[in-house]
Every structure is written in structure tokens, then in C-alpha cells.
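Q: Take this structure, written in C-alpha cells, and hold onto it; I'll ask about it next.
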Amino acid sequence: MNHKAGFVNIIGNPNVGKSTLMNAFVGEKLSIITSKAQTTRHRILGIVNGDDFQMVLSDTPGIIKPAYELQESMMGFVKSAFEDADVLIYMVEIGEQALKDEAFFNKIKASKIPVLLLLNKIDKSDQAQLESQVQEWTSKVPNAEIYPISALEGFNVKEVFNRIIDLLPDSPPFYPKDQLTDKPERFFINETIREKILMHYKKEIPYAVEVDTEEFFEEENIIRVRSVIMVERETQKGIIIGHKGSALKRVGMEARKDLEAFFGKQIHIELYVKVNKNWRSNANQLKRFGYNN
Ligand SMILES: Nc1nc2c(ncn2[C@@H]2O[C@H](COP(=O)(O)OP(=O)(O)OP(=O)(O)O)[C@@H](O)[C@H]2O)c(=O)[nH]1
Ligand SMILES: [Mg+2]
């Protein structure tokens with residue numbers, strides 16, 4: 001039996017629905033999703049296994065012009081996704097114009113590997129707008145195959161999935177067939193807590209936050225974790241904690257609920273808030289949090 005396997009890397013502007021699509025393909029909530037830009041900060045693998053194929057998807061951060069070192073590192077993840085792709089998924093959303101970075105955009109247009117341009121969120125559009133957008137993207141990226149989709153509602157998702165399988169090269173699997181991702185358990189705890197922070201805090205706060213799970217003990221019936229929420233300034237610490245700790249408590253409760261569903265086990269989370277001055281611009285701190293590329 002022939003076996004197909006390859007890397008399918010999803011790139012695009014912030015907030016277009018890249019993580020939503022990867023989760024839909026994998027059937028698990030590997031990547032956090034929020035309505036805010038720059039939700040994803042890492043390159044996250046989502047592996048879909050079949051008897052005769054292995055699709056190694058990569059979710060990546062949305063493309064931006066980096067303003068500080070954390071963002072530089074995020075764009076490093078995007079760069080790496082260009083380098084090893086067998087199929088490139090370029091996701092745009094209805095109404096969007098071009099990539100925020102012209103060099104990346106030119107790379108897509110000059111790509112020697114197959115490019116699937118997914119025009120996402122068509123549930124928010126009408127037929128006339130859709131047709132004009134498809135025309136526009138056909139002329140902008142002539143080397144791409146264009147698919148209008150709704151990652152959220154599942155429209156055309158199966159069709160795209162099947163097309164990717166067609167395009168995968170013959171190859172043995174790269175990962176064990178029961179592996180779902182490259183990230184450890186602690187990563188999903190950090191990310192779920194960060195998702196709640198993105199959802200409940202305003203303006204700069206979520207962008208100044210990093211979460212680090214310092215302890216992870218798995219027992220037969222329960223997982224016990226201790227996680228630190230890092231902020232850049234003392235004032236941010238107060239905001240995260242909230243009146244009598246109420247804001248922090250909500251983060252912990254909501255994260256626990258999601259993580260119990262994810263791990264299929266009871267979870268106990270202890271949350272701390274710590275000031276870690278300017279961690280976003282500190283190379284050593286960034287390395288510690290896995291942004292070393
Ligand atoms: N209406 C609609 N909304 C969608 C669709 N796909 C994703 N969204 C929403 O768009 C927002 C961003 O989705 P994400 O999947 O986090 O987007 P992303 O591209 O991974 O964003 P970054 O990680 O910040 O780059 C969320 O509120 C999603 O629910 C879609 O097909 N239709
Ligand atoms: Mg994302």
C-alpha cells in the first residue's frame with residue numbers, strides 16, 4: 001500500500017481563522033481561538049493520521065510587522081513554515097486586501113510548491129461579494145487554487161482536506177501514528193489560561209502576558225498544576241487579579257473547565273501572578289518560554 005505524508009503549513013494575516021481551520025481538521029482544540037489578533041504565538045503541529053496518510057498541519061502566528069522581540073520570534077515561526085512545507089495554505093478572509101508583509105506575499109506568489117488560497121468566513125458574505133473576491137485573488141495569486149470556505153461552519157472544509165491528501169507526496173509517516181501534536185501537556189495548559197486572559201482583559205494586557213506552568217503532576221484521577229501568569233508591570237498585576245481576586249478566579253475556573261474536557265480528567269489549577277519586567281523584549285526570557293528560533 002502506498003503511504004502519503006507531508007507538511008501542510010497554514011499562514012496568513014492575524015485573525016483570519018487559521019487556528020479554527022487547523023482545529024477543524026484535527027478534530028481537537030489544539031490551538032486557542034479568540035476574536036483578537038495575535039492569539040497564536042507559536043508554530044503548533046496538528047497531526048491527522050489515516051491508514052495510508054499522515055497530514056502534519058502547522059498553525060502559525062498571523063503575519064505582522066514585528067515591533068518587539070516576541071513578535072520577531074513569532075515571525076521566525078512563520079518563516080520556518082515556508083521552509084518545510086509540502087503544501088502551503090494561504091488563508092485570507094472576506095474583505096481583506098493583502099498580506100501585511102510584502103516579502104511574505106511575494107514568497108507565496110513565487111512558491112514552487114502547491115498553494116491553496118482559502119477565502120475564509122464566507123458565511124459573512126453574499127454571492128456577489130464572493131464572486132468579486134474570488135476574481136480579485138485569482139489575479140493577485142495566479143499560482144494558487146482558490147477555495148471559498150467557512151472554517152467555523154465547516155463549509156468546504158472536507159473538500160479542502162481531500163484536496164490536500166491528493167497533493168501529499170508519497171512518504172512514510174514522520175511521527176508515530178498515534179501522535180496528535182508536537183507540544184507537551186504544559187503547553188496546552190499555558191495556552192488555555194492565555195485564551196481566557198485574551199477574552200477577559202482589554203487593550204495591552206493580554207499582549208503583556210505569558211503563562212508558564214511550573215508544576216504538572218498527573219495522578220490517577222486528577223492532574224494538579226501550578227501556573228504563573230507573567231505580566232510586565234505592577235499595575236498589570238493588579239488588573240489581572242481584580243477586586244478581591246475575582247478576575248483571576250474567573251480565569252482559573254474557565255481554564256479548568258476547558259482543560260478537564262481536553263484531558264478527560266479532573267484538574268486542579270493553582271494560579272499565581274508575577275511581574276517579569278519587559279519579558280517580551282528579553283532574549284533570555286523569550287528562550288525560556290519557547291520562543292527560540
Ligand atoms: N464568521 C466566521 N468567523 C470565523 C470563521 N473562522 C474563524 N472565525 C472567527 O475569527 C476569529 C479568529 O479566529 P482564529 O482561528 O483565532 O484566527 P487566527 O488566524 O488563528 O488568528 P491569530 O492566531 O491571531 O493569527 C475567531 O473569533 C473565530 O471564531 C468563519 O469561517 N466564519
Ligand atoms: Mg491562531
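Ligands are numbered from 1 in the order shown, chains are lettered A, B, ... in the order of the C-alpha cells, and residues start at 1 in each chain.
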For ligand 1, list the contacting residues at 6 Å or closer, counting only C-alpha atoms and all ligand atoms, as a PyMOL selection string.
A: chain A and resi 14-20+33-35+37-40+61-62+120-121+123-124+150-153
Q: Can you pull out the residues contacting Gly245 of chain A? Cut-off 12 Å, using only C-alpha atoms, and skip same-chain residues under 6 positions away; I want them as a PyMOL selection string.
A: chain A and resi 237-239+251-252+271-273
Q: Would you write out those residues with N, CA, C and O atoms, as a compact mmCIF listing (two decimals), in the first residue's frame?
A:
# COMPACT_ATOMS: atom_id res chain seq x y z
N LYS A 237 -0.43 43.58 37.14
CA LYS A 237 -0.66 42.50 38.10
C LYS A 237 -1.97 42.73 38.84
O LYS A 237 -2.80 41.82 38.97
N GLY A 238 -2.19 43.96 39.28
CA GLY A 238 -3.43 44.30 39.98
C GLY A 238 -4.65 44.08 39.10
O GLY A 238 -5.68 43.58 39.58
N ILE A 239 -4.53 44.45 37.87
CA ILE A 239 -5.67 44.29 36.95
C ILE A 239 -5.97 42.81 36.73
O ILE A 239 -7.13 42.39 36.73
N VAL A 251 -10.63 33.40 35.53
CA VAL A 251 -9.69 32.81 34.57
C VAL A 251 -9.43 31.35 34.94
O VAL A 251 -9.48 30.45 34.10
N GLY A 252 -9.16 31.13 36.22
CA GLY A 252 -8.86 29.77 36.68
C GLY A 252 -10.02 28.82 36.48
O GLY A 252 -9.85 27.69 36.03
N LEU A 271 -3.12 29.29 40.51
CA LEU A 271 -2.63 30.38 39.66
C LEU A 271 -1.91 31.45 40.47
O LEU A 271 -2.38 31.85 41.54
N TYR A 272 -0.78 31.89 39.96
CA TYR A 272 -0.04 32.99 40.57
C TYR A 272 0.18 34.07 39.55
O TYR A 272 0.23 33.79 38.36
N VAL A 273 0.35 35.30 40.01
CA VAL A 273 0.70 36.39 39.09
C VAL A 273 2.04 36.96 39.52
O VAL A 273 2.26 37.22 40.70
Q: Find the residue from A:Glu270, A:Glu195, A:Asp86, A:Glu159 that sits nearest to Arg226 of chain A; use only C-alpha atoms when measuring.
A: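 Result for the nearest residue to Arg226 of chain A: A:Glu270.
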Q: State, in Å with one decimal place, the distance from atom CA of Met91 of chain A to atom CA of Ala261 of chain A.
A: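 Result for atom CA of Met91 of chain A versus atom CA of Ala261 of chain A: 28.6 Å, one decimal.
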Q: Out of A:Asn276, A:Lys107, A:Lys112, A:Glu191, which residue has the shortest atom-to-atom distance to ligand 2 when counting only C-alpha atoms and all ligand atoms?
A: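 Smallest distance to ligand 2 is found for A:Glu191.
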Q: Enumerate as an NGL selection string all residues of segment 19-166 of chain A assigned to helix (DSSP H, G or I) by DSSP on the backbone, naming them with the chain letters and numbers the document uses.
A: :A and (19-26 or 69-83 or 102-109 or 122-124 or 127-140 or 157-166)
Q: Please, what distance in Å, to one decimal, runs between atom CA of Val228 of chain A and atom CA of Glu210 of chain A?
A: 8.3 Å
Q: How many Å separate atom CA of Arg250 of chain A from atom CA of Thr235 of chain A?
A: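 Value for the atom CA of Arg250 of chain A-atom CA of Thr235 of chain A distance: 19.1 Å.
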